[in-house]
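S.K.: Below you will find the structure I want to go over with you.
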Amino acid sequence: MVSTIGFLSAQEGNTIYVIFTSTRNDSTDDSAGIRYSIHDSESYKSPSYIYFVRDKVKDYNFIFVYADWRNNPDDLIISKPESFLETVDYIDWDVIGPTLTKEQAKEKYQEIIFHSKVYFIDRNDIQNGIMKMVPVYSSIFGNDASMVQTGTAYVVFTNTGNALDTSGFNYSLDKYHSPSPLKYQSLTYTVFNKEKGFHFRFMHMNRIDKPDEPILLKPASFLETVTYIDWDALAPTLTKESAQALYRRLLYKEKIYFIDRKDIQNDVMKVVPVEVLIITGV
C-alpha cells in the first residue's frame, strides 16, 4: 500500500524530534502507543529498528524505520544530554497520542514526515541523563487504506549493483533476524543521482518461510500486455523535478513491481513487489 501524502518538500535543516515510551512489538500489552522491533542485519553494521505508531481501537498504524543504509554519519544514532530537549521543539507522543482522533493522528503523521530529518527518542533508552536519538524514515507499508489509490505500476531497469556511490538503480539483498523465530529477507532498491540531486528508496520484504507478497515469475512477453516505465530509457532525460514527479506517480499506486533486466533468464522475468520508503527532504 502506498500513501498519497508521500512526496515531501521539506526545507533542508528542518528537524523534528518525537519522544515517547515504547513497548516491544512482541509484547502481550496491546495498548496504543509506539511499539518497536529490532532486526539483526547481515549487510548493515548495526541492527535495524522498526517503529509502529498505532492505535488498534482508532484504526491507524504508521511505520518508521531506522537502518544504517549507506554507513553515512547522518544516518547514525547519536547521543545527547536530556537537557537538549530544552533547546528544541519536540512532540511528546505519550502526552498527545491518547488525545488524538484517527484524523488528527494522520495530520500529526503528516506534520512529522514533512521535515527533512526526524529523530525518535525513547524514554526507555535514557540512562544517566543521556538520550539515544534515532534518525528514522517513514515507511509506507501498513498505513491506512484510506490513504491509498488504486492502480499498478511496473518499472523495468538494469541494476548498477551494490555500489551505493554510483548514480543509478542500486540494490542490496539482506536478511533480517527478528527476536522471534521469524526470519525476513529484503531487497532494498536505492534510486539516486548525485549530480541531479534526487534519491528514492523502495523495499521488498518477506518472511523467508511464508512470504506474504512473493516474487513472481512471468514470461518476458508479459511486458507486451502492460504499460511500464523503462528506467534505462527515461533516466538520462530526467531532471530533479521530473524525477520527483515520476516518484509521485509511483507513490499513488497501490501495487508497484520492479523488473531487473539482469534477472531475466531464458525469457523468464522476476517480478518483485516493492513498498515505498519515504525519504524526507527529497
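Ordering of the C-alpha cells sets the chain letters (A, B, ...); residue numbers start at 1 within each chain; ligands are numbered from 1 in the order shown.
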Pick out the residues sitting within 8 Å of segment 97-111 of chain A, and hand them over as a PyMOL selection string; count only C-alpha atoms, and ignore anything fewer than 6 positions along from it in its own chain.
M.R.: chain A and resi 5+32-33+58-60+62
S.K.: List the neighbours of segment 76-85 of chain A out to 6 Å using only C-alpha atoms; skip same-chain residues closer than 3 positions along the sequence, and give me the result as number ranges by chain.
M.R.: A: 73, 88, 129-134
S.K.: Deliver the residues from the most recent selection as a file, using N, CA and C atoms, as a compact mmCIF listing (two decimals), in the first residue's frame.
M.R.:
# COMPACT_ATOMS: atom_id res chain seq x y z
N PRO A 73 27.39 9.10 8.24
CA PRO A 73 27.28 9.67 9.59
C PRO A 73 25.92 10.30 9.87
N VAL A 88 14.95 22.72 21.89
CA VAL A 88 14.30 22.43 20.61
C VAL A 88 12.81 22.18 20.83
N GLY A 129 20.81 10.50 32.31
CA GLY A 129 20.57 11.79 31.68
C GLY A 129 21.00 11.89 30.23
N ILE A 130 21.36 10.75 29.60
CA ILE A 130 21.79 10.75 28.20
C ILE A 130 20.73 10.05 27.35
N MET A 131 20.30 10.72 26.29
CA MET A 131 19.28 10.18 25.39
C MET A 131 19.93 9.54 24.16
N LYS A 132 19.29 8.50 23.65
CA LYS A 132 19.65 7.92 22.35
C LYS A 132 18.69 8.48 21.32
N MET A 133 19.21 9.16 20.30
CA MET A 133 18.37 9.80 19.29
C MET A 133 18.53 9.04 17.98
N VAL A 134 17.41 8.47 17.51
CA VAL A 134 17.44 7.55 16.38
C VAL A 134 16.86 8.24 15.14
S.K.: Of the candidates A:Phe258, A:Tyr51, A:Phe157, A:Tyr189, which shows the shortest atom-to-atom distance to Val136 of chain A, using only C-alpha atoms?
M.R.: A:Tyr51
S.K.: Mind pulling up the distance from atom CA of Thr190 of chain A to atom CA of Tyr247 of chain A?
M.R.: 12.4 Å
